[in-house]
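> Dropping in protein_11.tsv, with TSV, C-alpha atoms.
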```tsv
chain	number	residue	atom	x	y	z
K	20	MET	CA	4.74	61.85	131.12
K	21	SER	CA	6.92	63.78	133.48
K	22	SER	CA	7.65	67.39	132.67
K	23	ASN	CA	10.43	67.47	135.22
K	24	HIS	CA	13.42	66.96	132.93
K	25	THR	CA	16.85	67.69	134.26
K	26	THR	CA	18.39	67.04	130.87
K	27	SER	CA	16.79	67.08	127.48
K	28	SER	CA	17.88	64.74	124.73
K	29	VAL	CA	14.76	65.23	122.67
K	30	THR	CA	15.29	66.79	119.28
K	31	SER	CA	12.01	68.22	118.10
K	32	GLN	CA	11.15	68.55	114.43
K	33	THR	CA	9.08	71.63	115.11
K	34	ALA	CA	10.22	75.17	114.34
K	35	SER	CA	11.00	75.75	118.00
K	36	GLN	CA	14.50	74.46	118.77
K	37	PRO	CA	15.50	75.08	122.37
K	38	PRO	CA	19.18	75.69	123.07
K	39	THR	CA	20.86	72.65	124.56
K	40	PRO	CA	24.27	72.16	126.17
K	41	ASP	CA	25.57	70.35	123.06
K	42	THR	CA	24.69	73.24	120.77
K	43	ALA	CA	27.00	76.03	119.62
K	44	LEU	CA	25.64	79.50	119.04
K	45	VAL	CA	27.09	81.61	116.24
K	46	VAL	CA	26.04	85.25	116.39
K	47	MET	CA	26.17	86.56	112.82
K	48	VAL	CA	27.14	90.24	112.76
K	49	HIS	CA	27.34	92.66	109.84
K	50	GLY	CA	30.76	94.08	110.65
K	51	SER	CA	31.86	97.69	110.74
K	52	PRO	CA	34.58	99.86	109.19
K	53	ARG	CA	35.06	101.15	112.74
K	54	PRO	CA	35.87	98.07	114.83
K	55	GLU	CA	35.11	99.98	118.06
K	56	SER	CA	31.48	99.92	116.91
K	57	ASN	CA	31.48	96.22	117.80
K	58	ARG	CA	32.32	96.82	121.46
K	59	ASP	CA	28.69	96.91	122.64
K	60	MET	CA	27.85	93.81	120.61
K	61	PHE	CA	30.73	91.90	122.18
K	62	ALA	CA	29.45	92.90	125.64
K	63	VAL	CA	25.98	91.59	124.76
K	64	VAL	CA	27.42	88.32	123.41
K	65	GLU	CA	29.53	87.96	126.56
K	66	GLU	CA	26.32	88.20	128.56
K	67	VAL	CA	24.82	85.41	126.45
K	68	ARG	CA	27.95	83.29	126.97
K	69	ALA	CA	27.74	83.85	130.73
K	70	ARG	CA	24.27	82.33	130.83
K	71	GLY	CA	25.85	78.95	130.02
K	72	LEU	CA	23.06	77.79	127.73
K	73	PHE	CA	25.38	76.84	124.87
K	74	ALA	CA	28.46	74.67	124.63
K	75	ASP	CA	30.13	77.42	122.64
K	76	VAL	CA	29.27	80.99	121.69
K	77	LYS	CA	31.09	82.62	118.80
K	78	VAL	CA	30.79	85.83	116.78
K	79	GLY	CA	31.16	85.70	113.01
K	80	PHE	CA	31.23	88.78	110.79
K	81	MET	CA	29.62	88.97	107.37
K	82	GLU	CA	32.16	91.51	106.15
K	83	LEU	CA	34.83	93.99	107.22
K	84	ASN	CA	35.86	92.26	110.45
K	85	GLU	CA	37.17	88.86	111.49
K	86	PRO	CA	36.52	86.07	112.16
K	87	THR	CA	34.18	85.62	109.23
K	88	ILE	CA	30.99	83.62	109.68
K	89	PRO	CA	32.50	80.53	107.94
K	90	GLU	CA	35.58	80.84	110.18
K	91	ALA	CA	33.41	81.01	113.31
K	92	ILE	CA	31.52	77.93	112.15
K	93	ASP	CA	34.81	76.13	111.39
K	94	ALA	CA	35.99	76.85	114.93
K	95	CYS	CA	32.77	75.49	116.45
K	96	VAL	CA	32.98	72.30	114.41
K	97	ALA	CA	36.68	71.90	115.21
K	98	SER	CA	35.83	71.88	118.91
K	99	GLY	CA	33.36	69.05	118.40
K	100	THR	CA	30.02	70.78	117.92
K	101	THR	CA	27.41	68.71	116.10
K	102	ARG	CA	24.65	71.33	116.15
K	103	VAL	CA	24.99	75.02	115.28
K	104	ILE	CA	22.32	77.65	115.83
K	105	ALA	CA	23.19	80.83	113.91
K	106	VAL	CA	21.37	84.00	114.96
K	107	PRO	CA	21.47	87.10	112.73
K	108	TYR	CA	22.44	90.12	114.87
K	109	PHE	CA	20.55	92.29	112.40
K	110	LEU	CA	17.63	94.66	112.94
K	111	HIS	CA	16.11	94.37	109.47
K	112	ALA	CA	14.74	91.62	107.28
K	113	GLY	CA	16.76	92.97	104.38
K	114	THR	CA	18.79	91.16	101.76
K	115	HIS	CA	21.50	90.07	104.22
K	116	VAL	CA	19.05	88.24	106.48
K	117	ALA	CA	16.75	87.06	103.71
K	118	ASP	CA	19.40	85.79	101.28
K	119	ASP	CA	23.09	86.34	102.09
K	120	LEU	CA	23.15	84.69	105.52
K	121	PRO	CA	21.11	81.64	104.39
K	122	SER	CA	23.65	81.21	101.55
K	123	LEU	CA	26.56	81.23	104.02
K	124	LEU	CA	24.80	78.64	106.20
K	125	GLU	CA	23.96	76.45	103.20
K	126	GLU	CA	27.63	76.45	102.22
K	127	ALA	CA	28.56	75.50	105.78
K	128	ALA	CA	26.00	72.70	105.79
K	129	GLN	CA	27.57	71.33	102.59
K	130	ARG	CA	31.04	71.53	104.14
K	131	TYR	CA	29.90	69.73	107.28
K	132	PRO	CA	27.13	67.28	106.37
K	133	HIS	CA	27.35	65.63	109.81
K	134	VAL	CA	26.54	68.90	111.59
K	135	GLU	CA	22.97	70.11	112.07
K	136	PHE	CA	22.56	73.77	111.15
K	137	LEU	CA	19.63	75.87	112.32
K	138	MET	CA	19.09	79.54	111.62
K	139	GLY	CA	17.59	81.64	114.39
K	140	ASP	CA	15.21	84.53	114.06
K	141	TYR	CA	16.82	87.91	113.39
K	142	LEU	CA	17.32	90.25	116.31
K	143	GLY	CA	14.96	92.98	115.12
K	144	HIS	CA	12.08	90.52	114.97
K	145	ASP	CA	12.24	89.72	118.66
K	146	PRO	CA	9.41	91.11	120.81
K	147	LEU	CA	11.93	92.34	123.41
K	148	ILE	CA	13.20	94.96	120.95
K	149	ALA	CA	10.10	97.06	121.68
K	150	ASP	CA	11.16	97.27	125.32
K	151	VAL	CA	14.71	98.18	124.34
K	152	ILE	CA	13.45	101.03	122.15
K	153	ARG	CA	11.06	102.27	124.83
K	154	ASP	CA	13.89	102.37	127.38
K	155	ARG	CA	16.24	104.13	125.00
K	156	ALA	CA	13.58	106.70	124.05
K	157	ALA	CA	12.87	107.52	127.69
K	158	PHE	CA	14.58	110.39	129.47
H	2	MET	CA	-0.58	117.81	124.30
H	3	SER	CA	0.36	114.67	122.52
H	4	ASN	CA	3.59	112.67	122.48
H	5	ALA	CA	4.98	110.89	119.47
H	6	ILE	CA	7.85	108.50	118.93
H	7	ILE	CA	9.41	108.15	115.48
H	8	LEU	CA	11.49	105.04	114.98
H	9	PHE	CA	14.30	106.40	112.82
H	10	SER	CA	15.58	103.62	110.61
H	11	HIS	CA	17.68	102.85	107.61
H	12	GLY	CA	15.54	101.53	104.78
H	13	SER	CA	16.08	98.43	102.69
H	14	THR	CA	16.00	97.75	98.99
H	15	LEU	CA	14.16	94.46	99.54
H	16	CYS	CA	10.42	94.95	99.20
H	17	GLY	CA	8.62	94.33	102.49
H	18	ALA	CA	11.73	94.67	104.63
H	19	GLY	CA	10.17	97.57	106.54
H	20	GLU	CA	6.88	95.84	107.34
H	21	THR	CA	8.13	94.27	110.58
H	22	LEU	CA	9.21	97.67	111.85
H	23	LYS	CA	5.84	99.21	110.99
H	24	ALA	CA	4.15	96.40	112.92
H	25	LEU	CA	6.46	97.10	115.85
H	26	ALA	CA	5.50	100.78	115.79
H	27	ALA	CA	1.82	99.88	115.76
H	28	GLN	CA	2.35	97.54	118.70
H	29	MET	CA	4.22	100.21	120.69
H	30	GLN	CA	1.44	102.71	120.04
H	31	GLN	CA	-1.21	100.20	121.04
H	32	ARG	CA	0.42	99.48	124.38
H	33	GLY	CA	0.82	103.18	125.06
H	34	ASP	CA	4.56	103.83	124.75
H	35	ALA	CA	3.43	107.12	123.19
H	36	ASP	CA	0.18	108.54	121.81
H	37	ILE	CA	1.58	108.19	118.30
H	38	VAL	CA	4.34	105.83	117.17
H	39	ARG	CA	5.55	105.92	113.57
H	40	VAL	CA	8.49	104.74	111.51
H	41	GLY	CA	10.60	107.20	109.57
H	42	PHE	CA	13.06	105.77	107.06
H	43	LEU	CA	16.26	107.42	105.94
H	44	ASN	CA	16.05	105.97	102.43
H	45	PHE	CA	14.76	103.16	100.20
H	46	SER	CA	11.65	102.36	102.29
H	47	GLU	CA	8.57	104.48	102.94
H	48	PRO	CA	7.49	106.61	104.69
H	49	LEU	CA	10.58	108.79	104.78
H	50	PHE	CA	11.51	110.46	108.06
H	51	GLY	CA	10.28	113.91	107.06
H	52	GLU	CA	6.91	112.53	105.97
H	53	SER	CA	6.45	110.76	109.29
H	54	PHE	CA	7.43	113.89	111.18
H	55	ASP	CA	4.82	115.89	109.26
H	56	GLU	CA	2.19	113.23	109.93
H	57	CYS	CA	2.87	113.21	113.67
H	58	VAL	CA	2.38	116.99	113.73
H	59	ARG	CA	-0.79	116.68	111.65
H	60	LEU	CA	-2.10	114.14	114.18
H	61	GLY	CA	-1.54	116.61	117.00
H	62	ALA	CA	1.90	115.74	118.38
H	63	THR	CA	3.51	118.55	120.34
H	64	ARG	CA	6.52	116.58	121.47
H	65	ILE	CA	8.37	114.14	119.23
H	66	THR	CA	11.00	111.70	120.42
H	67	VAL	CA	13.23	110.33	117.69
H	68	ALA	CA	14.18	106.79	118.66
H	69	PRO	CA	17.13	105.55	116.59
H	70	TYR	CA	16.37	102.03	115.37
H	71	PHE	CA	20.07	101.34	115.34
H	72	LEU	CA	22.34	99.17	117.43
H	73	VAL	CA	25.11	101.75	117.35
H	74	ALA	CA	24.89	105.54	117.15
H	75	GLY	CA	27.25	105.64	114.19
H	76	TYR	CA	27.29	107.52	110.93
H	77	PHE	CA	23.55	107.31	110.25
H	78	VAL	CA	22.54	108.66	113.64
H	79	GLN	CA	25.27	111.25	113.98
H	80	VAL	CA	25.51	112.51	110.40
H	81	GLU	CA	22.44	111.49	108.40
H	82	LEU	CA	19.76	112.02	111.07
H	83	PRO	CA	20.52	115.74	111.54
H	84	LYS	CA	20.24	116.18	107.76
H	85	VAL	CA	16.61	115.03	107.77
H	86	LEU	CA	15.71	116.27	111.25
H	87	SER	CA	16.77	119.90	110.73
H	88	PRO	CA	14.41	120.60	107.81
H	89	ALA	CA	11.54	118.98	109.71
H	90	GLN	CA	12.20	121.17	112.73
H	91	GLN	CA	12.33	124.24	110.50
H	92	ARG	CA	8.93	123.34	109.09
H	93	HIS	CA	7.54	122.88	112.61
H	94	PRO	CA	9.51	125.15	114.96
H	95	HIS	CA	6.93	124.87	117.76
H	96	ILE	CA	7.44	121.13	118.22
H	97	GLU	CA	9.66	119.95	121.06
H	98	VAL	CA	12.10	117.38	119.68
H	99	ARG	CA	14.29	114.96	121.56
H	100	VAL	CA	16.62	112.30	120.23
H	101	GLY	CA	16.88	109.05	122.15
H	102	LYS	CA	19.80	106.67	122.31
H	103	ALA	CA	20.78	103.75	120.11
H	104	MET	CA	20.25	100.26	121.51
H	105	ARG	CA	23.98	99.73	122.18
H	106	ASP	CA	24.46	97.15	124.96
H	107	HIS	CA	20.99	97.15	126.49
H	108	SER	CA	20.69	94.19	128.86
H	109	LEU	CA	17.60	92.83	127.10
H	110	LEU	CA	19.58	92.27	123.90
H	111	ALA	CA	21.17	89.17	125.43
H	112	ASP	CA	17.70	87.84	126.21
H	113	ALA	CA	16.63	88.70	122.68
H	114	ILE	CA	19.50	86.70	121.16
H	115	ILE	CA	18.56	83.65	123.25
H	116	SER	CA	14.93	84.08	122.33
H	117	CYS	CA	15.88	84.27	118.62
H	118	ALA	CA	17.92	81.07	119.04
H	119	GLN	CA	14.90	79.33	120.53
H	120	ARG	CA	13.00	80.03	117.32
H	121	ALA	CA	15.75	78.53	115.16
H	122	ALA	CA	14.54	76.76	112.05
H	123	PRO	CA	15.88	74.10	109.67
H	124	PRO	CA	17.18	74.97	106.16
H	125	VAL	CA	13.82	74.64	104.41
H	126	GLN	CA	12.63	77.76	106.26
H	127	TRP	CA	15.75	79.91	105.88
H	128	ARG	CA	14.45	81.84	102.89
H	129	HIS	CA	10.90	82.45	104.05
H	130	LEU	CA	11.57	86.19	104.24
H	131	LEU	CA	12.74	86.26	100.64
H	132	ASP	CA	9.80	84.07	99.66
H	133	SER	CA	7.33	86.47	101.30
H	134	ALA	CA	8.83	89.64	99.81
H	135	PRO	CA	6.75	89.56	96.57
H	136	GLN	CA	3.53	90.22	98.50
H	137	TRP	CA	4.97	93.67	99.36
H	138	CYS	CA	6.11	94.34	95.80
H	139	ARG	CA	6.38	98.05	94.99
H	140	ALA	CA	7.99	97.51	91.59
H	141	SER	CA	11.27	98.93	92.81
H	142	GLU	CA	14.18	98.50	90.43
H	143	GLU	CA	16.46	98.48	93.49
H	144	CYS	CA	14.83	95.39	94.99
H	145	PRO	CA	17.09	92.34	94.59
H	146	LEU	CA	14.09	90.39	93.26
H	147	PHE	CA	13.38	92.92	90.49
H	148	GLY	CA	13.58	91.23	87.12
H	149	THR	CA	13.75	87.73	88.62
H	150	PRO	CA	10.97	85.15	88.19
H	151	GLU	CA	9.91	85.92	91.80
H	152	CYS	CA	9.15	89.59	91.09
H	153	PRO	CA	5.42	90.21	90.42
H	154	ALA	CA	6.15	93.57	88.78
H	155	THR	CA	8.45	92.18	86.13
H	156	THR	CA	6.79	88.84	85.48
H	157	GLN	CA	3.19	89.99	85.10
H	158	PRO	CA	2.05	92.40	82.40
H	159	GLN	CA	1.23	95.83	83.76
H	160	ALA	CA	-2.46	96.69	83.52
```
Could you quickly redo this structure as structure tokens?

Amino acid sequence: MSSNHTTSSVTSQTASQPPTPDTALVVMVHGSPRPESNRDMFAVVEEVRARGLFADVKVGFMELNEPTIPEAIDACVASGTTRVIAVPYFLHAGTHVADDLPSLLEEAAQRYPHVEFLMGDYLGHDPLIADVIRDRAAF
Amino acid sequence: MSNAIILFSHGSTLCGAGETLKALAAQMQQRGDADIVRVGFLNFSEPLFGESFDECVRLGATRITVAPYFLVAGYFVQVELPKVLSPAQQRHPHIEVRVGKAMRDHSLLADAIISCAQRAAPPVQWRHLLDSAPQWCRASEECPLFGTPECPATTQPQA
């Protein structure tokens, strides 16, 4: 067994699903009554896009702003994506992450039965958040 | 002399939604980001910000840094935080208080998104957070599970 893969075509059935070049990333964002509040988020998503890990990177808003999450998914599928990873850009495991976002993804999976949908962990659960907080608390 | 960090956060109506943040605070304290690290919620979840502030002082903190657990320094940080911070400072006027920044566009957030994507799961696991909420049940009428078959408080007779 060589571990020296240059490309990976292996789809694992485990919980860990590495990003692949044929996968689209949809960043699911709450949305804000003040659209300028999304500026920092767009900068972060642009940084993700620049890494080139995904065939497509799109933002979808749960409410208040556009495109909506279903619209972002539609756009990914329209451009030929067969696998969507949707990451909640949320800090809390509240009702949106626990219930509302899964419902949106289930509806999308019914609309596009030929597309594989995976839901990522929510942002606030990532270990790197501790480092972000520490930096932002420092003076 | 003792330093404390309070992670200032919005609460959630869903039981257990604050547990991850409490674990994060414990982890930050353990690795020495400050002598004391606590969570202080604005509403819904416990402990509330003022209670955490009082506890930090009781534990010997002389300097408290309020770290907004928010992506953007919007309404909650600019308007609601001062409303709970001012009374705490009046109770403890000798404590040095600083307010840190929101996460905004920190460079590690891009890494965090990618890391979250790497842990992506198939549909059968999408509701594991909702499924695990009953273990944190606090019989809150505001919890979305309250009154549903999943709610321990409303499906089991009270002793």
> Determine which residues of chain K sit within 8 Å of chain H, taking into account only C-alpha atoms, and present them as a ChimeraX atom specification.
/K:34-38,44,56,59-60,62-64,66-67,104-106,108,110-114,117-118,121,125,136-142,144-149,151-153,155-158
> Tell me, as a CSV table (one decimal) with C-alpha atoms, in the frame of the given file, which residues lie within 9 Å of range 48-53 of chain K, counting all atoms listed in the file; anything in the same chain fewer than 4 positions away does not count.

```csv
chain,number,residue,atom,x,y,z
K,57,ASN,CA,31.5,96.2,117.8
K,60,MET,CA,27.8,93.8,120.6
K,78,VAL,CA,30.8,85.8,116.8
K,79,GLY,CA,31.2,85.7,113.0
K,80,PHE,CA,31.2,88.8,110.8
K,81,MET,CA,29.6,89.0,107.4
K,82,GLU,CA,32.2,91.5,106.2
K,83,LEU,CA,34.8,94.0,107.2
K,84,ASN,CA,35.9,92.3,110.4
K,85,GLU,CA,37.2,88.9,111.5
K,88,ILE,CA,31.0,83.6,109.7
K,106,VAL,CA,21.4,84.0,115.0
K,107,PRO,CA,21.5,87.1,112.7
K,108,TYR,CA,22.4,90.1,114.9
K,109,PHE,CA,20.6,92.3,112.4
K,115,HIS,CA,21.5,90.1,104.2
```
> Compile the contact shell of Val76 in chain K as a compact mmCIF listing (two decimals) with C-alpha atoms, in the frame of the given file: residues with an atom at most 6 Å away, counting all atoms listed in the file, same-chain residues fewer than 4 positions apart removed.

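Written out: out_31.txt:
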```
# COMPACT_ATOMS: atom_id res chain seq x y z
CA ALA K 43 27.00 76.03 119.62
CA LEU K 44 25.64 79.50 119.04
CA VAL K 45 27.09 81.61 116.24
CA ARG K 68 27.95 83.29 126.97
```
> Tell me, in Å to one decimal, how far CA of Glu56 in chain H is from CA of Arg139 in chain H.
21.7 Å
> For a test of reading the model, state the distance in Å between CA of Ala74 in chain K and CA of Glu135 in chain K, rounded to one decimal.
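Atom-to-atom, CA of Ala74 in chain K and CA of Glu135 in chain K are spaced 14.4 Å apart.
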> Between H:Gly51, H:Pro94, H:Gly33, H:Pro135, which is the closest to Glu151 in chain H once you count all atoms listed in the file?
H:Pro135
> Might I get the box with edges along x, y and z of the file that holds all atoms of range 116-123 of chain K listed there, padded by 6 Å on every side, given as centre and edge lengths in Å to one decimal, as lines of an AutoDock Vina configuration file?

```
center_x = 21.7
center_y = 84.7
center_z = 103.9
size_x = 21.8
size_y = 19.0
size_z = 17.2
```
> Measure the distance from CA of Pro150 in chain H to CA of Lys23 in chain H in Å and round it to one decimal.
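The value is 27.3 Å.
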> Which of these, K:Gly71, K:Glu55, K:Pro89, K:Val46, has the shortest distance to Ser122 in chain K once you count all atoms listed in the file?
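Going through K:Gly71, K:Glu55, K:Pro89, K:Val46 one by one, the smallest distance to Ser122 in chain K is for K:Pro89.
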> Between H:Arg39, H:Lys84, H:Arg32, H:Arg64, which one has atoms that come closest to Ser3 in chain H, using all atoms listed in the file?
H:Arg64
> Skipping near chain neighbours, those fewer than 4 positions away, what residues fall within 9 Å of Leu82 in chain H using all atoms listed in the file, listed as a list in words?
Phe9, Leu43, Phe50, Pro69, Tyr76, Phe77, Val78, Leu86 and Ser87 of chain H
> Rank H:His95, H:Leu49, H:Gln79, H:Val40 by their smallest atom-to-atom distance to Ala27 in chain H, using all atoms listed in the file, and report the top residue only.
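Checking each candidate against Ala27 in chain H, we get H:Val40 as the closest.
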> When you count all atoms listed in the file, which of these residues is closest to Val103 in chain K: K:Arg70, K:Asp75, K:Phe61, K:Asp154?
K:Asp75
> With all atoms listed in the file as the basis for distance, which of K:Leu72, K:Val134, K:Ala97, K:Met47 is at the shortest distance from Leu120 in chain K?
K:Met47
